[in-house]
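Here the structure comes first, spelled out in C-alpha cells, and everything after it is commentary.
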Amino acid sequence: PPPTPPPPSLSPLPPPPTPPPTGAAGSKGDPHLRLGHGGEADFRGRNQTRFNFLSAPRVSVNVLTEDGTFRVHGATVNGSWVTQAHVVASTVAGMLHFSYWAAKISAKTLIGWSNGTCGGRPFKL
C-alpha cells in the first residue's frame, strides 16, 4: 500500500490587521480618554502628580493631575482632573516647549493660560 500522507500543517493564523486610526486622540472631563484607534478609557490620576500621556519619536506630552470631588448624575465622585499639560517636540523650526495651565482660566474668556517657545522664540496662545 502507498505510504500515509503527513497530517496537514496547523500553522497559526496571521494576526488581524491593525485598524486604521479613527480620528484624533484626546482627553476631556475627569479625564475620559479617546485613544488613537477608537478605544476609550477613564483615567484616575493622583493629586499633584505628573504623568506622561504621550511619548513618541520627537514628541512628549506630560500632564499634571489634581484630585477633585464633583457631582455627576446625582452621584458624588471623588476623581481627578488634568490641570496642566506640557509638550516638548522637535520641529523644523527648532525645539517646541509649550505649557498650559487650566488653573489660570480667565473669567472673561474661560480660556486657560499658555505659553511656550519654538526655536528659542517665545509665544503665547
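Residue names in the C-alpha cells use chain letters A, B, ... in the order shown, residue numbers from 1 in each chain, and ligand numbers from 1 in the order shown.
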- Based on DSSP run over this structure's backbone, return all residues of stretch 5-124 of chain A in strand (DSSP E), as number ranges by chain. A: 26-28, 32-34, 40-42, 49-56, 59-72, 75-91, 94-101, 113-118, 121-124
- Task: Using only C-alpha atoms, determine which residues lie at most 12 Å from A:Ser27, disregarding the query and same-chain residues fewer than 5 positions distant; provide the list as a PyMOL selection string.
- Result: chain A and resi 32-36+39-43+53-54+63+81-83+85
- Residue contacts of A:Ser114 (10 Å, only C-alpha atoms) excluding same-chain residues fewer than 5 positions away, as a PyMOL selection string: chain A and resi 84-86+98-102+104-105+123-125
Store the residues picked out above, limited to N, CA and C atoms, as a PDB file, in the first residue's frame.
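Below is the file that was written, result-v2.pdb:
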```pdb
ATOM      1  N   GLN A  84      -2.768  70.674  34.140  1.00  0.00           N
ATOM      2  CA  GLN A  84      -1.660  71.235  33.367  1.00  0.00           C
ATOM      3  C   GLN A  84      -1.285  70.252  32.269  1.00  0.00           C
ATOM      4  N   ALA A  85      -0.805  70.798  31.154  1.00  0.00           N
ATOM      5  CA  ALA A  85      -0.260  69.976  30.070  1.00  0.00           C
ATOM      6  C   ALA A  85       1.032  70.632  29.593  1.00  0.00           C
ATOM      7  N   HIS A  86       2.048  69.833  29.357  1.00  0.00           N
ATOM      8  CA  HIS A  86       3.360  70.335  28.937  1.00  0.00           C
ATOM      9  C   HIS A  86       3.849  69.484  27.766  1.00  0.00           C
ATOM     10  N   PHE A  98       5.865  73.895  25.129  1.00  0.00           N
ATOM     11  CA  PHE A  98       4.556  74.512  25.284  1.00  0.00           C
ATOM     12  C   PHE A  98       3.930  74.046  26.585  1.00  0.00           C
ATOM     13  N   SER A  99       3.366  74.984  27.353  1.00  0.00           N
ATOM     14  CA  SER A  99       2.718  74.648  28.618  1.00  0.00           C
ATOM     15  C   SER A  99       1.360  75.314  28.708  1.00  0.00           C
ATOM     16  N   TYR A 100       0.399  74.599  29.327  1.00  0.00           N
ATOM     17  CA  TYR A 100      -0.962  75.090  29.505  1.00  0.00           C
ATOM     18  C   TYR A 100      -1.355  74.876  30.963  1.00  0.00           C
ATOM     19  N   TRP A 101      -1.918  75.901  31.588  1.00  0.00           N
ATOM     20  CA  TRP A 101      -2.353  75.841  32.972  1.00  0.00           C
ATOM     21  C   TRP A 101      -3.852  76.116  33.042  1.00  0.00           C
ATOM     22  N   ALA A 102      -4.663  75.109  33.338  1.00  0.00           N
ATOM     23  CA  ALA A 102      -6.105  75.293  33.462  1.00  0.00           C
ATOM     24  C   ALA A 102      -6.452  76.132  34.681  1.00  0.00           C
ATOM     25  N   LYS A 104      -5.317  78.790  35.580  1.00  0.00           N
ATOM     26  CA  LYS A 104      -5.247  80.221  35.272  1.00  0.00           C
ATOM     27  C   LYS A 104      -6.318  80.614  34.254  1.00  0.00           C
ATOM     28  N   ILE A 105      -7.503  79.964  34.323  1.00  0.00           N
ATOM     29  CA  ILE A 105      -8.587  80.267  33.386  1.00  0.00           C
ATOM     30  C   ILE A 105      -9.077  81.685  33.618  1.00  0.00           C
ATOM     31  N   PHE A 123       6.241  82.547  22.609  1.00  0.00           N
ATOM     32  CA  PHE A 123       4.896  82.802  22.083  1.00  0.00           C
ATOM     33  C   PHE A 123       3.864  82.523  23.168  1.00  0.00           C
ATOM     34  N   LYS A 124       2.658  83.063  22.977  1.00  0.00           N
ATOM     35  CA  LYS A 124       1.513  82.812  23.870  1.00  0.00           C
ATOM     36  C   LYS A 124       0.316  82.506  23.007  1.00  0.00           C
ATOM     37  N   LEU A 125      -0.561  81.654  23.499  1.00  0.00           N
ATOM     38  CA  LEU A 125      -1.809  81.352  22.793  1.00  0.00           C
ATOM     39  C   LEU A 125      -2.989  81.835  23.614  1.00  0.00           C
TER      40      LEU A 125
END
```
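Each of A:Val87, A:Ala25, A:Pro57, A:Ala103 was checked against A:Asn115 using only C-alpha atoms; the smallest atom-to-atom distance is that of A:Val87.
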- Extract, using only C-alpha atoms, all DNA, RNA and protein residues at most 10 Å from A:Gly120, discarding same-chain residues fewer than 3 positions from it, and format them as a list in words.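 Surrounding residues, per the criterion: Ala93, Gly94, Met95, Leu96, His97, Gly116, Thr117 and Phe123 of chain A.
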- Query: How far is it from atom CA of A:Asn78 to atom CA of A:Gln48, in Å with one decimal?
  - Reply: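 Between atom CA of A:Asn78 and atom CA of A:Gln48 the gap works out to 14.8 Å.
With distances restricted to only C-alpha atoms, A:Ser80 is the closest residue to A:Thr49 from A:Thr69, A:Val61, A:Ser80, A:His37.
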- What separation in Å, quoted to one decimal, exists between atom CA of A:Ser90 and atom CA of A:Gly26?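 Atom-to-atom, atom CA of A:Ser90 to atom CA of A:Gly26, that is 20.5 Å.
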- Out of A:Gly74, A:Gly45, A:Pro3, A:Gly119, which residue has the shortest atom-to-atom distance to A:Thr91 when counting only C-alpha atoms?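 Smallest distance to A:Thr91 is found for A:Gly119.
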- Just give me the gap between atom CA of A:Arg50 and atom CA of A:Gly112 in Å, one decimal is fine.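 One can read the atom CA of A:Arg50 to atom CA of A:Gly112 distance as 18.4 Å.
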- Query: Pick from A:Arg44, A:Asn52, A:Ala89, A:Thr65: nearest to A:Val77, with only C-alpha atoms counted?
  - Reply: A:Arg44
